[in-house]
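Participant: Starting off with a structure, shown below.
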Amino acid sequence: MNNAAYFPGCSLKAEAGDYERSAAAVMEVLGQPLEELERWTCCGTVYSLTDDDLMHQLASVRNLIRAQECGADEIVTLCSMCFNTLKRSKVFIEQDSARLETVNAFMDEEQDYEGGVEVFHLLEILRDQVGFESIEGKVTRPLSGLRVAPYYGCTLLRPREIGIDEPDTPTILQDFIRALWATPVEFAFQAECCGTYQIVDSPEMVLEKSHRILNSAMRAGADVLVTSCPLCMHNLRLCYEELRSSLPEKRELSIIYLTQLAAIAFEVETGELPTSMAKLVEGLPTSMELVP
Amino acid sequence: MPSATKLEQFVGFRERVEMLSGENVFACYQCGMCTAGCSFADEMDVLPHQVIRQLQLNNWKVLECNAKWICASCLNCQTRCPKGVDLSKLMEAMRQIYLRQQMDNLELNKYSIDQIRCLPQIALVASFRKKTG
Ligand code: SF4
Ligand code: SF4
């Protein structure tokens, strides 16, 4: 990794603590420990889509300035929504020098943002900087036989200009799953929206959208579904709780963060796993059993 | 729905939406790809491609549709539109016309503290930004 600062965002310090713990452990193993950005603030969670409004870009730009202050040339996020918001703001502000000037003049308490801080999602770092072959080399407990559904959601992939892979035919998560010796299970709704923030005032609608996603993954035969977004995680798990009572016995789907999957394969801190996932892990061979 | 009285006096409606969004509504040739791929179209009273059609016709009444609040900016339409129209920005522009007149679409004071505690802050902050001014 170049000089990178890790931007957690609010969820990683609250309900997505397991995501952060497992990511930290995995990056230690890969020799690129996460170093948290100092004095970071909320990015705003959703990118402002109006052209005349710079106010809603300030939260993101402030974090880019924090990176600049500590000499980091990259920000790395775990949360897909933070990734999307920070990166889109960066592009919007840097596209036009007049915007950058206005924002800098307005935030006169901060040093000027000079541009050029890059924003990456951890998955991109794993693919482009660490390399999936190196990840494979660190696996001590191959996840052979585990059928894993890659769930992308929206904000990792769209818009195309900032997405980490082809929006309609992404492969990055499948490649990641393969590097851990598990079997990727593609399904129709892997890049459809879970319903996102509408959970606040339209929970029924969100549960319906999430239901389609879970059903589609289970029908494709997945035992596990991985995600990189704390809000998708919230909605999908909530939906799964509702769904579970109607499922036949032994038909379970474990919904976990992608770094938890890697942590299992590396035999390091995974954070809390759903009971069904813990059961699946018990069934896997351990490193001791692999020694001839 | 907030009252549309202020909106009725609205002149230059289309230009306003185009200015807020940075999109050209006449780029759309009504193929319907946006609606076909929209995960939320089944919840909308006016479908995504119909929203654009009404914008082309400068019909301010389209502002009253629920589609603008339902649209979750998933961007399926944006990545698939053969004409490069970003519908999510037009939806946001219509929301902003309401929000900038203090016509919010979220009443959090109806929620109990316990209900709010069960919601992830990421969803709350996003809702504030999408549905309050
Ligand atoms: S996909 Fe594009 S061109 Fe086709 S109807 Fe929708 S906005 Fe218009
Ligand atoms: S951005 Fe809005 S209109 Fe477009 S596909 Fe998503 S929900 Fe539908």
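Just remember, in the structure tokens the first chain shown is A, the second B, etc., residues are 1-based per chain, and ligands are 1-based in the order shown.
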Give me, as number ranges by chain, the residues of chain A touching chain B, with the criterion being at most 9 Å (counting only C-alpha atoms).

Facilitator: A: 10-11, 14-15, 44-46, 48-53, 56, 81, 153-155, 158-160, 167-168, 192-193, 195-202, 205, 209, 230-231, 234

Participant: Hey, can you spit out that residue selection with N, CA and C atoms as an mmCIF file, in the first residue's frame?

Facilitator:
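This went into out37.cif:
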data_model
loop_
_atom_site.group_PDB
_atom_site.id
_atom_site.type_symbol
_atom_site.label_atom_id
_atom_site.label_comp_id
_atom_site.auth_asym_id
_atom_site.auth_seq_id
_atom_site.Cartn_x
_atom_site.Cartn_y
_atom_site.Cartn_z
ATOM 1 N N CYS A 10 -18.928 6.027 10.490
ATOM 2 C CA CYS A 10 -19.671 5.835 11.743
ATOM 3 C C CYS A 10 -20.041 4.378 12.032
ATOM 4 N N SER A 11 -20.523 3.660 11.025
ATOM 5 C CA SER A 11 -21.046 2.304 11.262
ATOM 6 C C SER A 11 -19.984 1.357 11.782
ATOM 7 N N ALA A 14 -19.789 1.306 15.288
ATOM 8 C CA ALA A 14 -21.017 0.943 16.008
ATOM 9 C C ALA A 14 -21.427 -0.479 15.618
ATOM 10 N N GLU A 15 -22.524 -0.617 14.890
ATOM 11 C CA GLU A 15 -23.023 -1.979 14.662
ATOM 12 C C GLU A 15 -22.151 -2.822 13.726
ATOM 13 N N GLY A 44 -21.213 11.907 5.427
ATOM 14 C CA GLY A 44 -22.526 12.349 4.949
ATOM 15 C C GLY A 44 -23.385 11.195 4.443
ATOM 16 N N THR A 45 -22.772 10.039 4.277
ATOM 17 C CA THR A 45 -23.381 8.750 3.885
ATOM 18 C C THR A 45 -23.962 8.655 2.468
ATOM 19 N N VAL A 46 -24.597 9.731 1.978
ATOM 20 C CA VAL A 46 -25.049 9.689 0.583
ATOM 21 C C VAL A 46 -24.498 10.910 -0.157
ATOM 22 N N SER A 48 -24.399 14.004 -2.554
ATOM 23 C CA SER A 48 -25.398 14.979 -2.989
ATOM 24 C C SER A 48 -25.446 15.016 -4.511
ATOM 25 N N LEU A 49 -26.652 14.897 -5.062
ATOM 26 C CA LEU A 49 -26.782 14.785 -6.520
ATOM 27 C C LEU A 49 -27.149 16.107 -7.193
ATOM 28 N N THR A 50 -27.131 17.212 -6.436
ATOM 29 C CA THR A 50 -27.452 18.483 -7.088
ATOM 30 C C THR A 50 -26.178 19.200 -7.507
ATOM 31 N N ASP A 51 -26.263 19.877 -8.625
ATOM 32 C CA ASP A 51 -25.081 20.503 -9.199
ATOM 33 C C ASP A 51 -24.749 21.855 -8.572
ATOM 34 N N ASP A 52 -25.748 22.513 -7.991
ATOM 35 C CA ASP A 52 -25.512 23.888 -7.543
ATOM 36 C C ASP A 52 -25.138 23.954 -6.058
ATOM 37 N N ASP A 53 -25.023 22.800 -5.415
ATOM 38 C CA ASP A 53 -24.925 22.807 -3.967
ATOM 39 C C ASP A 53 -23.581 22.248 -3.513
ATOM 40 N N HIS A 56 -23.131 20.369 0.612
ATOM 41 C CA HIS A 56 -23.184 18.948 0.965
ATOM 42 C C HIS A 56 -21.932 18.175 0.560
ATOM 43 N N MET A 81 -20.765 2.622 1.308
ATOM 44 C CA MET A 81 -21.411 3.930 1.181
ATOM 45 C C MET A 81 -20.413 5.057 1.379
ATOM 46 N N GLY A 153 -24.574 -5.113 -4.034
ATOM 47 C CA GLY A 153 -25.369 -3.927 -3.771
ATOM 48 C C GLY A 153 -25.091 -2.866 -4.822
ATOM 49 N N CYS A 154 -25.322 -1.600 -4.474
ATOM 50 C CA CYS A 154 -25.224 -0.506 -5.452
ATOM 51 C C CYS A 154 -23.902 0.247 -5.418
ATOM 52 N N THR A 155 -23.496 0.640 -4.221
ATOM 53 C CA THR A 155 -22.523 1.740 -4.148
ATOM 54 C C THR A 155 -21.077 1.355 -4.444
ATOM 55 N N ARG A 158 -21.703 1.492 -8.776
ATOM 56 C CA ARG A 158 -22.356 2.554 -9.543
ATOM 57 C C ARG A 158 -22.152 3.908 -8.896
ATOM 58 N N PRO A 159 -21.953 4.977 -9.675
ATOM 59 C CA PRO A 159 -21.869 4.988 -11.137
ATOM 60 C C PRO A 159 -20.580 4.333 -11.653
ATOM 61 N N ARG A 160 -20.634 3.952 -12.923
ATOM 62 C CA ARG A 160 -19.508 3.276 -13.569
ATOM 63 C C ARG A 160 -18.191 4.040 -13.391
ATOM 64 N N PRO A 167 -20.359 -2.544 -13.723
ATOM 65 C CA PRO A 167 -21.598 -2.511 -12.938
ATOM 66 C C PRO A 167 -22.542 -3.691 -13.180
ATOM 67 N N ASP A 168 -22.644 -4.180 -14.420
ATOM 68 C CA ASP A 168 -23.600 -5.256 -14.654
ATOM 69 C C ASP A 168 -22.992 -6.648 -14.614
ATOM 70 N N GLU A 192 -28.460 -5.794 -7.076
ATOM 71 C CA GLU A 192 -29.696 -5.016 -6.910
ATOM 72 C C GLU A 192 -29.715 -4.363 -5.529
ATOM 73 N N CYS A 193 -30.536 -3.326 -5.420
ATOM 74 C CA CYS A 193 -30.567 -2.534 -4.175
ATOM 75 C C CYS A 193 -31.351 -3.260 -3.071
ATOM 76 N N GLY A 195 -32.714 -1.771 -0.607
ATOM 77 C CA GLY A 195 -33.743 -0.871 -0.080
ATOM 78 C C GLY A 195 -33.136 0.290 0.701
ATOM 79 N N THR A 196 -31.888 0.137 1.085
ATOM 80 C CA THR A 196 -31.042 1.175 1.712
ATOM 81 C C THR A 196 -31.733 1.978 2.835
ATOM 82 N N TYR A 197 -31.553 3.289 2.835
ATOM 83 C CA TYR A 197 -32.016 4.121 3.964
ATOM 84 C C TYR A 197 -33.533 4.155 4.091
ATOM 85 N N GLN A 198 -34.244 3.632 3.074
ATOM 86 C CA GLN A 198 -35.711 3.643 3.155
ATOM 87 C C GLN A 198 -36.205 2.794 4.324
ATOM 88 N N ILE A 199 -35.304 2.052 4.951
ATOM 89 C CA ILE A 199 -35.655 1.276 6.143
ATOM 90 C C ILE A 199 -36.207 2.193 7.243
ATOM 91 N N VAL A 200 -35.844 3.466 7.212
ATOM 92 C CA VAL A 200 -36.313 4.387 8.251
ATOM 93 C C VAL A 200 -37.819 4.612 8.155
ATOM 94 N N ASP A 201 -38.325 4.917 6.942
ATOM 95 C CA ASP A 201 -39.763 5.188 6.889
ATOM 96 C C ASP A 201 -40.565 4.270 5.959
ATOM 97 N N SER A 202 -39.902 3.343 5.272
ATOM 98 C CA SER A 202 -40.660 2.357 4.480
ATOM 99 C C SER A 202 -40.111 0.955 4.704
ATOM 100 N N MET A 205 -41.261 -1.938 2.391
ATOM 101 C CA MET A 205 -40.695 -1.926 1.049
ATOM 102 C C MET A 205 -39.274 -2.499 1.072
ATOM 103 N N LYS A 209 -37.624 -5.833 -0.873
ATOM 104 C CA LYS A 209 -36.443 -5.812 -1.766
ATOM 105 C C LYS A 209 -35.376 -6.782 -1.253
ATOM 106 N N PRO A 230 -22.419 -1.948 5.552
ATOM 107 C CA PRO A 230 -23.114 -2.099 6.835
ATOM 108 C C PRO A 230 -24.631 -1.898 6.750
ATOM 109 N N LEU A 231 -25.084 -1.078 5.783
ATOM 110 C CA LEU A 231 -26.526 -0.874 5.686
ATOM 111 C C LEU A 231 -27.201 -2.073 5.001
ATOM 112 N N HIS A 234 -27.481 -4.658 7.655
ATOM 113 C CA HIS A 234 -28.604 -4.422 8.563
ATOM 114 C C HIS A 234 -29.907 -4.898 7.926
#

Participant: How would you write, as a ChimeraX atom specification, the set of residues in range 79-218 of chain A that DSSP gives as alpha helix (DSSP H)?

Facilitator: /A:80-94,97-106,122-124,132-137,172-179,203-218

Participant: What's around range 61-72 of chain A at 8 Å? Count only C-alpha atoms, leave out sequence neighbours fewer than 4 positions away in its own chain, and write the answer as a list of chain:residue names.

Facilitator: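 Listing them by chain and then by number gives A:Asn3, A:Ala4, A:Ala5, A:Leu37, A:Glu38, A:Arg39, A:Trp40, A:Thr41, A:Cys43, A:Gln57, A:Leu86, A:Ser89, A:Lys90, A:Glu110, A:Gln111, A:Asp112, A:Tyr113, A:Val117.
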
Participant: Hey, can you check how far CA of Val268 in chain A sits from CA of Leu214 in chain A?

Facilitator: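 Interatomic distance here is 27.7 Å.
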
Participant: Pick from B:Lys61, B:Lys68, B:Arg53, B:Arg14: nearest to ligand 2, with only C-alpha atoms and all ligand atoms counted?

Facilitator: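 So, comparing all the options, the nearest one is B:Lys68.
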